[in-house]
$ cat upload.txt   # compact mmCIF, C-alpha atoms
# COMPACT_ATOMS: atom_id res chain seq x y z
CA MET A 1 19.27 -12.85 -7.27
CA LYS A 2 20.57 -9.37 -6.68
CA LEU A 3 19.45 -5.95 -5.53
CA THR A 4 19.99 -2.85 -7.61
CA GLU A 5 22.22 -0.17 -6.15
CA PRO A 6 20.05 2.30 -4.20
CA VAL A 7 18.94 5.59 -5.70
CA TYR A 8 18.29 8.40 -3.22
CA GLY A 9 15.74 11.17 -3.70
CA LYS A 10 13.84 13.84 -1.76
CA LEU A 11 10.22 14.30 -0.78
CA ALA A 12 8.85 17.23 -2.76
CA ARG A 13 6.48 18.57 -0.09
CA PHE A 14 5.75 18.16 3.60
CA TRP A 15 3.24 15.47 4.46
CA SER A 16 1.96 13.93 7.68
CA ASN A 17 -0.56 11.46 9.02
CA ALA A 18 -1.87 10.58 12.48
CA ILE A 19 1.42 9.00 13.60
CA SER A 20 4.20 10.22 11.26
CA ASP A 21 5.71 13.33 9.70
CA GLY A 22 7.78 13.65 6.55
CA PRO A 23 9.36 17.10 6.14
CA ARG A 24 9.96 18.43 2.64
CA GLY A 25 13.31 17.10 1.51
CA SER A 26 13.04 13.86 3.51
CA LEU A 27 15.06 10.94 2.22
CA LEU A 28 13.50 8.62 -0.36
CA THR A 29 15.18 5.39 -1.39
CA PHE A 30 14.51 3.32 -4.50
CA ARG A 31 15.70 -0.25 -4.77
CA ALA A 32 14.54 -3.23 -6.81
CA LEU A 33 15.17 -6.97 -6.87
CA GLN A 34 16.19 -9.01 -9.90
CA VAL A 35 15.83 -12.80 -10.11
CA PHE A 36 17.77 -14.51 -12.91
CA THR A 37 16.87 -17.86 -14.47
CA ASP A 38 19.12 -20.26 -16.37
CA GLU A 39 16.97 -19.66 -19.46
CA GLY A 40 17.94 -15.99 -19.58
CA ILE A 41 14.72 -14.59 -18.11
CA THR A 42 14.93 -11.86 -15.48
CA GLY A 43 12.06 -11.33 -13.06
CA VAL A 44 11.91 -7.92 -11.36
CA GLY A 45 10.00 -6.40 -8.49
CA PRO A 46 10.14 -3.60 -5.89
CA TRP A 47 12.26 -4.20 -2.77
CA ARG A 48 10.90 -3.43 0.69
CA GLY A 49 12.80 -6.19 2.43
CA GLY A 50 15.25 -4.13 4.45
CA PRO A 51 19.01 -4.74 4.52
CA VAL A 52 20.87 -6.82 1.94
CA ALA A 53 21.49 -9.32 4.74
CA ASN A 54 17.82 -10.34 4.57
CA LEU A 55 18.19 -11.28 0.93
CA GLU A 56 21.37 -13.20 1.66
CA SER A 57 19.68 -15.16 4.45
CA LEU A 58 17.03 -16.32 1.97
CA ARG A 59 19.30 -17.01 -0.99
CA PRO A 60 20.08 -20.67 -0.09
CA PHE A 61 16.37 -21.52 -0.15
CA VAL A 62 15.76 -20.03 -3.61
CA VAL A 63 18.83 -20.53 -5.77
CA GLY A 64 18.62 -23.75 -7.78
CA GLU A 65 14.84 -24.05 -7.53
CA ASP A 66 12.41 -24.06 -10.45
CA PRO A 67 10.85 -20.55 -10.55
CA MET A 68 7.48 -22.16 -11.30
CA ASP A 69 7.47 -23.84 -7.89
CA VAL A 70 6.37 -20.73 -5.99
CA GLU A 71 4.57 -22.66 -3.24
CA ARG A 72 7.63 -24.82 -2.56
CA ILE A 73 9.96 -21.82 -2.56
CA TRP A 74 7.65 -19.82 -0.26
CA HIS A 75 7.44 -22.63 2.27
CA LYS A 76 11.19 -23.17 2.25
CA MET A 77 11.78 -19.47 2.94
CA TYR A 78 9.01 -19.20 5.53
CA TRP A 79 9.96 -22.23 7.59
CA SER A 80 13.65 -21.35 7.46
CA HIS A 81 12.79 -18.18 9.44
CA PHE A 82 9.83 -19.50 11.42
CA SER A 83 11.25 -18.58 14.83
CA ASP A 84 12.31 -15.04 13.87
CA GLY A 85 10.42 -13.98 10.76
CA ARG A 86 6.74 -14.90 10.56
CA SER A 87 5.96 -11.24 9.86
CA GLY A 88 7.76 -7.96 9.33
CA VAL A 89 10.78 -7.20 7.24
CA ILE A 90 11.85 -10.82 6.63
CA VAL A 91 8.43 -11.66 5.21
CA ARG A 92 8.64 -8.53 3.05
CA ALA A 93 11.95 -9.80 1.69
CA MET A 94 10.21 -13.09 0.91
CA GLY A 95 7.40 -11.11 -0.71
CA ALA A 96 9.84 -9.23 -2.96
CA ILE A 97 11.37 -12.52 -4.12
CA ASP A 98 7.92 -13.97 -4.74
CA VAL A 99 6.82 -10.94 -6.81
CA ALA A 100 9.96 -11.22 -8.97
CA LEU A 101 9.32 -14.96 -9.43
CA TRP A 102 5.78 -14.31 -10.68
CA ASP A 103 7.18 -11.74 -13.10
CA ALA A 104 9.61 -14.37 -14.39
CA ILE A 105 6.81 -16.95 -14.69
CA GLY A 106 4.70 -14.55 -16.74
CA LYS A 107 7.61 -13.81 -19.03
CA ALA A 108 8.39 -17.52 -19.46
CA LEU A 109 4.75 -18.32 -20.33
CA LYS A 110 4.32 -15.09 -22.32
CA LYS A 111 1.25 -14.12 -20.29
CA PRO A 112 0.44 -11.15 -18.04
CA VAL A 113 0.37 -12.08 -14.36
CA TYR A 114 -3.27 -11.12 -13.87
CA LYS A 115 -4.28 -13.80 -16.38
CA LEU A 116 -2.16 -16.41 -14.60
CA LEU A 117 -3.89 -15.48 -11.33
CA GLY A 118 -7.41 -15.70 -12.71
CA GLY A 119 -7.96 -12.93 -15.25
CA PHE A 120 -11.32 -11.73 -13.95
CA LYS A 121 -11.15 -8.33 -15.67
CA SER A 122 -8.74 -6.31 -17.79
CA ARG A 123 -9.25 -2.86 -16.25
CA VAL A 124 -9.56 -1.72 -12.65
CA PRO A 125 -10.79 1.45 -10.92
CA CYS A 126 -8.25 3.65 -9.18
CA TYR A 127 -8.71 6.12 -6.32
CA ALA A 128 -6.65 9.24 -5.67
CA SER A 129 -4.85 9.21 -2.32
CA GLY A 130 -3.74 12.56 -0.91
CA GLY A 131 -5.02 15.00 1.70
CA GLY A 132 -2.31 14.56 4.29
CA ILE A 133 -2.78 16.24 7.67
CA GLY A 134 0.13 18.55 6.94
CA PHE A 135 -1.57 19.71 3.72
CA TYR A 136 -4.43 21.31 5.58
CA GLY A 137 -6.63 24.33 5.02
CA LYS A 138 -8.35 25.91 2.04
CA ASP A 139 -6.09 24.07 -0.42
CA GLU A 140 -7.23 20.62 0.69
CA PRO A 141 -10.73 20.75 -0.86
CA LYS A 142 -9.13 22.15 -4.03
CA GLU A 143 -6.69 19.22 -4.08
CA MET A 144 -9.51 16.69 -3.81
CA GLN A 145 -11.65 18.51 -6.34
CA GLY A 146 -8.67 18.45 -8.70
CA TYR A 147 -8.54 14.67 -8.52
CA VAL A 148 -12.23 14.48 -9.34
CA GLU A 149 -11.65 16.72 -12.36
CA GLN A 150 -9.04 14.21 -13.52
CA GLY A 151 -11.74 11.54 -13.55
CA PHE A 152 -11.30 9.86 -10.17
CA LYS A 153 -14.55 8.70 -8.59
CA ALA A 154 -13.00 8.20 -5.13
CA VAL A 155 -10.49 10.25 -3.12
CA LYS A 156 -8.66 9.50 0.14
CA MET A 157 -7.55 11.87 2.87
CA LYS A 158 -5.71 11.47 6.17
CA ILE A 159 -7.42 12.23 9.45
CA GLY A 160 -6.35 11.88 13.09
CA MET A 161 -5.55 15.45 14.15
CA GLN A 162 -5.09 16.48 17.79
CA ASN A 163 -8.62 17.85 17.93
CA PHE A 164 -11.23 15.75 16.17
CA GLN A 165 -13.36 18.83 15.47
CA ASP A 166 -10.63 19.91 13.03
CA ASP A 167 -10.92 16.57 11.24
CA LEU A 168 -14.69 16.89 11.11
CA ALA A 169 -14.42 20.35 9.54
CA ARG A 170 -11.93 19.05 6.96
CA VAL A 171 -14.16 16.15 5.95
CA LYS A 172 -17.16 18.48 5.62
CA ALA A 173 -15.13 20.87 3.44
CA VAL A 174 -14.02 18.05 1.16
CA ARG A 175 -17.55 16.63 0.91
CA ASP A 176 -18.86 20.09 0.00
CA ALA A 177 -16.14 20.39 -2.65
CA VAL A 178 -16.50 17.00 -4.37
CA GLY A 179 -20.23 16.45 -3.93
CA TRP A 180 -22.08 13.29 -3.02
CA ASP A 181 -21.32 11.24 -6.14
CA VAL A 182 -17.67 10.79 -5.11
CA ASP A 183 -16.50 8.38 -2.42
CA ILE A 184 -14.38 9.94 0.34
CA LEU A 185 -12.06 7.40 1.97
CA LEU A 186 -10.66 8.29 5.41
CA ASP A 187 -7.31 6.99 6.69
CA VAL A 188 -6.46 7.21 10.41
CA ASN A 189 -3.16 5.26 10.25
CA ASN A 190 -3.74 3.45 13.58
CA GLY A 191 -4.19 6.77 15.35
CA TRP A 192 -7.25 6.23 17.58
CA SER A 193 -8.17 4.13 20.58
CA VAL A 194 -11.30 2.01 20.17
CA ASN A 195 -13.54 4.33 22.22
CA THR A 196 -12.24 7.36 20.35
CA ALA A 197 -12.84 5.60 17.04
CA ILE A 198 -16.43 4.71 17.94
CA ARG A 199 -17.17 8.27 19.03
CA CYS A 200 -15.53 9.79 15.94
CA ALA A 201 -17.17 7.32 13.54
CA LYS A 202 -20.62 8.25 14.80
CA ASN A 203 -19.89 11.89 13.97
CA LEU A 204 -18.47 11.02 10.54
CA GLU A 205 -21.37 8.84 9.39
CA LYS A 206 -23.38 11.82 8.14
CA TYR A 207 -20.72 12.44 5.46
CA GLU A 208 -21.03 8.84 4.20
CA PRO A 209 -17.35 7.88 3.95
CA GLY A 210 -16.53 5.03 1.60
CA TRP A 211 -14.42 3.50 4.36
CA LEU A 212 -12.53 4.22 7.57
CA GLU A 213 -9.00 2.89 7.18
CA GLU A 214 -6.84 1.60 10.04
CA PRO A 215 -8.82 3.54 12.67
CA VAL A 216 -7.26 1.56 15.55
CA LEU A 217 -4.14 -0.53 16.04
CA THR A 218 -4.08 -3.31 13.47
CA ASP A 219 -3.09 -5.75 16.25
CA ASP A 220 -6.24 -5.00 18.26
CA ILE A 221 -8.56 -7.55 16.70
CA PRO A 222 -11.23 -7.49 19.48
CA GLY A 223 -11.18 -3.68 19.46
CA MET A 224 -11.55 -3.50 15.71
CA ALA A 225 -14.47 -5.93 15.90
CA ARG A 226 -16.13 -3.66 18.51
CA LEU A 227 -15.74 -0.70 16.20
CA ALA A 228 -17.01 -2.52 13.11
CA ALA A 229 -20.13 -3.52 15.03
CA ALA A 230 -20.70 0.04 16.27
CA THR A 231 -20.59 1.95 12.97
CA GLU A 232 -22.19 1.75 9.55
CA ILE A 233 -18.96 3.00 7.94
CA PRO A 234 -17.04 0.14 6.26
CA ILE A 235 -13.74 -0.60 8.02
CA ALA A 236 -10.59 -1.17 5.92
CA THR A 237 -7.32 -2.56 7.26
CA GLY A 238 -4.37 -4.84 6.57
CA GLU A 239 -1.67 -2.80 4.85
CA ASN A 240 0.71 -3.31 7.79
CA GLU A 241 0.09 -7.05 8.04
CA ASP A 242 1.75 -9.76 5.96
CA ASN A 243 0.85 -13.06 7.65
CA LEU A 244 -1.91 -15.25 6.24
CA LEU A 245 -3.12 -16.27 9.70
CA VAL A 246 -3.60 -12.66 10.82
CA PHE A 247 -5.92 -12.03 7.87
CA LYS A 248 -7.76 -15.24 8.75
CA ALA A 249 -8.30 -13.84 12.25
CA TYR A 250 -9.55 -10.52 10.83
CA MET A 251 -12.19 -12.30 8.81
CA GLU A 252 -13.29 -14.80 11.44
CA ASN A 253 -13.71 -12.00 14.00
CA GLU A 254 -15.64 -9.75 11.58
CA CYS A 255 -13.18 -6.90 12.05
CA CYS A 256 -13.45 -5.25 8.67
CA ASP A 257 -15.16 -4.97 5.31
CA VAL A 258 -12.14 -4.27 3.06
CA ILE A 259 -8.86 -6.20 3.19
CA GLN A 260 -5.82 -4.10 2.21
CA ALA A 261 -3.09 -6.75 2.03
CA ASP A 262 -0.12 -5.42 0.05
CA PRO A 263 1.18 -8.01 -2.48
CA ILE A 264 4.66 -6.49 -2.30
CA HIS A 265 4.70 -7.07 1.46
CA CYS A 266 3.16 -10.53 1.60
CA GLY A 267 4.01 -11.86 -1.87
CA ILE A 268 1.67 -12.82 -4.69
CA THR A 269 1.56 -16.46 -3.57
CA GLN A 270 0.18 -15.44 -0.16
CA TRP A 271 -1.92 -12.57 -1.50
CA ARG A 272 -4.03 -14.81 -3.74
CA LYS A 273 -4.90 -16.96 -0.71
CA ILE A 274 -5.85 -13.89 1.30
CA ALA A 275 -8.06 -12.71 -1.58
CA ALA A 276 -9.73 -16.12 -1.81
CA MET A 277 -10.41 -16.15 1.94
CA ALA A 278 -11.87 -12.65 1.66
CA GLU A 279 -14.17 -13.75 -1.15
CA ALA A 280 -15.36 -16.67 1.00
CA HIS A 281 -16.24 -14.13 3.71
CA ASN A 282 -17.97 -11.82 1.21
CA LEU A 283 -15.28 -9.13 1.61
CA HIS A 284 -13.46 -6.95 -0.90
CA VAL A 285 -9.72 -6.57 -1.39
CA ALA A 286 -8.10 -3.21 -2.12
CA PRO A 287 -4.30 -3.46 -1.81
CA HIS A 288 -2.15 -0.86 -0.12
CA PHE A 289 -0.34 1.39 -2.59
CA SER A 290 2.32 -0.41 -4.63
CA ASN A 291 4.95 1.25 -6.75
CA PRO A 292 4.87 0.42 -9.56
CA HIS A 293 1.09 0.14 -9.87
CA ARG A 294 1.38 -2.82 -12.17
CA VAL A 295 1.77 -5.22 -9.24
CA ASP A 296 -1.39 -4.29 -7.30
CA ALA A 297 -3.35 -3.65 -10.51
CA HIS A 298 -2.62 -7.21 -11.68
CA CYS A 299 -3.82 -8.57 -8.34
CA VAL A 300 -7.05 -6.56 -8.29
CA ALA A 301 -7.81 -7.49 -11.91
CA ALA A 302 -7.31 -11.19 -11.21
CA VAL A 303 -10.05 -11.71 -8.63
CA PRO A 304 -13.83 -11.13 -8.55
CA ASN A 305 -13.69 -9.25 -5.22
CA GLY A 306 -10.99 -6.79 -6.29
CA LEU A 307 -12.23 -3.31 -5.34
CA GLY A 308 -9.63 -0.82 -6.62
CA VAL A 309 -6.06 0.44 -6.80
CA GLU A 310 -4.50 3.31 -4.87
CA GLN A 311 -2.86 6.18 -6.75
CA TRP A 312 -0.70 7.86 -4.10
CA PHE A 313 0.02 11.56 -4.59
CA MET A 314 1.30 12.40 -1.10
CA SER A 315 4.69 10.81 -1.82
CA GLU A 316 5.48 13.25 -4.61
CA ALA A 317 9.22 12.98 -5.08
CA GLU A 318 11.49 15.39 -6.86
CA PRO A 319 11.10 15.18 -10.65
CA ASN A 320 12.24 12.00 -12.42
CA PHE A 321 12.33 9.80 -9.29
CA ASP A 322 10.66 6.97 -11.22
CA PHE A 323 12.72 4.10 -12.54
CA TRP A 324 10.18 1.71 -14.04
CA LYS A 325 9.28 1.64 -17.71
CA PRO A 326 6.93 2.01 -19.39
CA ALA A 327 4.79 4.29 -17.21
CA LEU A 328 1.34 3.14 -16.17
CA GLU A 329 -0.94 6.09 -15.46
CA PRO A 330 -4.66 6.04 -14.64
CA LYS A 331 -6.98 7.48 -17.27
CA GLU A 332 -10.29 8.92 -16.08
CA GLY A 333 -9.89 6.98 -12.84
CA TRP A 334 -9.18 3.61 -14.48
CA ILE A 335 -6.09 1.50 -15.13
CA ASP A 336 -6.05 -0.70 -18.23
CA LEU A 337 -3.97 -3.82 -17.70
CA PRO A 338 -1.15 -4.27 -20.22
CA GLN A 339 -1.02 -7.49 -22.20
CA SER A 340 2.77 -7.76 -22.09
CA PRO A 341 4.26 -10.77 -20.26
CA GLY A 342 4.79 -10.73 -16.51
CA PHE A 343 3.91 -7.46 -14.82
CA GLY A 344 4.88 -5.57 -17.97
CA ILE A 345 7.61 -3.59 -16.21
CA GLU A 346 11.35 -3.27 -16.61
CA LEU A 347 13.96 -1.31 -14.72
CA ASP A 348 15.19 1.89 -16.35
CA PHE A 349 18.89 1.77 -15.46
CA GLY A 350 19.60 4.81 -17.64
CA ALA A 351 17.14 6.92 -15.63
CA MET A 352 18.73 5.70 -12.39
CA GLN A 353 22.19 6.76 -13.49
CA ARG A 354 21.02 10.12 -14.81
CA TYR A 355 19.26 10.83 -11.52
CA ARG A 356 22.37 9.97 -9.50
CA GLU A 357 24.56 12.21 -11.67
CA GLU A 358 22.14 15.15 -11.65
CA ASN A 359 21.26 15.11 -7.94
CA LYS A 360 24.31 13.70 -6.09
CA ILE A 361 22.34 13.12 -2.89
CA ASP A 362 24.21 12.07 0.25
CA PRO A 363 21.71 10.09 2.38
CA ARG A 364 23.72 10.85 5.54
CA THR A 365 22.76 14.53 5.30
CA MET A 366 19.04 14.04 4.64
CA PRO A 367 16.20 14.39 7.19
CA MET A 368 14.23 11.23 7.89
CA GLN A 369 10.53 10.55 8.28
CA THR A 370 9.63 10.39 11.97
CA THR A 371 7.03 8.11 13.51
CA SER A 372 6.21 9.35 17.00
CA GLY A 373 2.83 7.75 17.69
CA PRO A 374 -0.75 9.04 17.64
CA LYS A 375 -1.32 12.80 17.71
CA THR A 376 -4.78 12.38 19.21
CA ALA A 377 -5.24 11.65 22.90
CA ARG A 378 -5.90 7.91 23.01
CA LEU A 379 -9.13 8.32 25.00
CA TYR A 380 -9.89 11.73 23.56
CA PHE A 381 -9.96 13.79 26.72
CA ARG A 382 -9.58 17.37 25.52
CA SER A 383 -7.63 18.17 28.67
CA ALA A 384 -5.11 15.46 27.73
CA LEU A 385 -4.33 16.80 24.26
CA PRO A 386 -0.62 17.64 23.84
CA PRO A 387 0.32 21.30 23.52
$ encode --input "upload.txt" --output "structure tokens"
Amino acid sequence: MKLTEPVYGKLARFWSNAISDGPRGSLLTFRALQVFTDEGITGVGPWRGGPVANLESLRPFVVGEDPMDVERIWHKMYWSHFSDGRSGVIVRAMGAIDVALWDAIGKALKKPVYKLLGGFKSRVPCYASGGGIGFYGKDEPKEMQGYVEQGFKAVKMKIGMQNFQDDLARVKAVRDAVGWDVDILLDVNNGWSVNTAIRCAKNLEKYEPGWLEEPVLTDDIPGMARLAAATEIPIATGENEDNLLVFKAYMENECCDVIQADPIHCGITQWRKIAAMAEAHNLHVAPHFSNPHRVDAHCVAAVPNGLGVEQWFMSEAEPNFDFWKPALEPKEGWIDLPQSPGFGIELDFGAMQRYREENKIDPRTMPMQTTSGPKTARLYFRSALPP
């Protein structure tokens, strides 16, 4: 196993959500994992597992194993870090290894991963994700309307501004722009307290959002259950979780209607169990954005309760900051699954080298995304709003 050398890029435009800001020019980092087999097959997948040291700590539990034995490998990795890594960056390193193993399995069996996982359908709907808080004003409805003109039947926008009345005006403007035949998905990024979320949801119901995403802290299971019981808007959550037992608790406590487990975070081996649990609870799964889309698209296509795939536009990097081939782009709001083995992706090392030579970015000089906590007063007292 090895990680590719990092490629550094820049965010093309300012974006923000309810807890974070990313100034134009903020640092972007691309890195991927390769898993090599003794039969000459290379499995690849995105890396979100943190420092190289995390990979090295897992290496002894993977090297020498049969790539087909994903359950055995997962349990060896998981229990080796039980006391210090049942969630978070270590699990994401495990997830990256697991994704690369499934890619290798598909290549060995000459089958696309979605067929190995169940093969429920061969095309999946895709929604356009944009509308960051920083991209606010008269251009926001135009942005969303532009996605609809491209064929998307659902669009997502960030909310969670200091004054909720500003959010309400933005949602109204977008609804007026896209009409009532398009789903508007609202993402709060953990920005509200439970009481604030209940109050805000009641005001948002008249615009019929397709879902309200991460309205409160993902750890607050009782609070999320209170909110879900208090509003008719479907609640979506789970992108920041990666432990099977947390998702079990979500479902048993009736916290949400849409599970957003990210297969790159939790691994395919865990994700398929989460999806099966969700089906047993009559819930849908709609994974958090994955780059490349092939990973989450394969997962959604594999299961009967797969709802859709996220096409994220707010992360627009400088041109050519894309190192997977071939490209997989939605057409009229749909993604057609490729029939090539594995996830159907390979690393474009030539593009990586060209980007490095043309841009010569020093990460030490780049601004970083900042996460400073909710912008909205947690109990929504107007007198408590920050200046």
$ atom_distance --input "upload.txt" --atom1 "CA of Asp103 (chain A)" --atom2 "CA of Phe247 (chain A)"
24.7 Å
$ residues_around --input "upload.txt" --residues "Arg59 (chain A)" --least-positions-apart "4" --cutoff "10 Å" --atoms "all atoms listed in the file" --output "list of chain:residue names"
A:Met1, A:Lys2, A:Ala53, A:Asn54, A:Leu55, A:Val63, A:Gly64, A:Met77, A:Ile97
$ atom_distance --input "upload.txt" --atom1 "CA of Lys325 (chain A)" --atom2 "CA of Val148 (chain A)"
26.4 Å
$ residues_around --input "upload.txt" --residues "Cys256 (chain A)" --least-positions-apart "4" --cutoff "10 Å" --atoms "only C-alpha atoms" --output "MDAnalysis selection string"
chainID A and resid 211:214 221 224:225 227:229 233:238 250:252 283:284
$ atom_distance --input "upload.txt" --atom1 "CA of Trp271 (chain A)" --atom2 "CA of Leu244 (chain A)"
8.2 Å
$ closest_residue --input "upload.txt" --among "A:Leu109, A:Val216, A:Val309, A:Ile19" --to "Pro263 (chain A)" --atoms "only C-alpha atoms"
A:Val309
$ residues_around --input "upload.txt" --residues "Pro46 (chain A)" --least-positions-apart "5" --cutoff "10 Å" --atoms "only C-alpha atoms" --output "list in words"
Leu3, Phe30, Arg31, Ala32, Leu33, Gln34, Ala93, Gly95, Ala96, Ile97, Val99, Ala100, Ile264, His265, Ser290, Asn291, Pro292, Val295, Trp324 and Leu347 of chain A
$ closest_residue --input "upload.txt" --among "A:His298, A:Arg72, A:His81, A:His293" --to "Gln339 (chain A)" --atoms "all atoms listed in the file"
A:His298
$ residues_around --input "upload.txt" --residues "region 4-6 of chain A" --least-positions-apart "5" --cutoff "12 Å" --atoms "all atoms listed in the file" --output "JSON, numbers by chain"
{"A": [27, 28, 29, 30, 31, 32, 33, 34, 35, 44, 45, 46, 47, 48, 50, 51, 52, 321, 323, 347, 348, 349, 352, 353, 355, 356, 361, 362, 363]}
$ residues_around --input "upload.txt" --residues "Ser129 (chain A)" --least-positions-apart "5" --cutoff "8 Å" --atoms "only C-alpha atoms" --output "list of chain:residue names"
A:Val155, A:Lys156, A:Met157, A:Glu310, A:Gln311, A:Trp312, A:Phe313, A:Met314
$ closest_residue --input "upload.txt" --among "A:Leu307, A:Leu101, A:Ala197, A:Met94" --to "Ser57 (chain A)" --atoms "only C-alpha atoms"
A:Met94
$ closest_residue --input "upload.txt" --among "A:Leu204, A:Pro367, A:Gln145, A:Cys299" --to "Gln165 (chain A)" --atoms "all atoms listed in the file"
A:Leu204
$ closest_residue --input "upload.txt" --among "A:Thr370, A:Pro67, A:Ala104, A:Pro112" --to "Thr42 (chain A)" --atoms "all atoms listed in the file"
A:Ala104
$ closest_residue --input "upload.txt" --among "A:Val124, A:Ala230, A:Leu11, A:Ala169" --to "Met366 (chain A)" --atoms "all atoms listed in the file"
A:Leu11
$ residues_near_point --input "upload.txt" --point "(0.0, -3.3, -16.4)" --cutoff "7 Å" --atoms "only C-alpha atoms" --output "JSON, numbers by chain"
{"A": [294, 297, 298, 328, 336, 337, 338, 343, 344]}
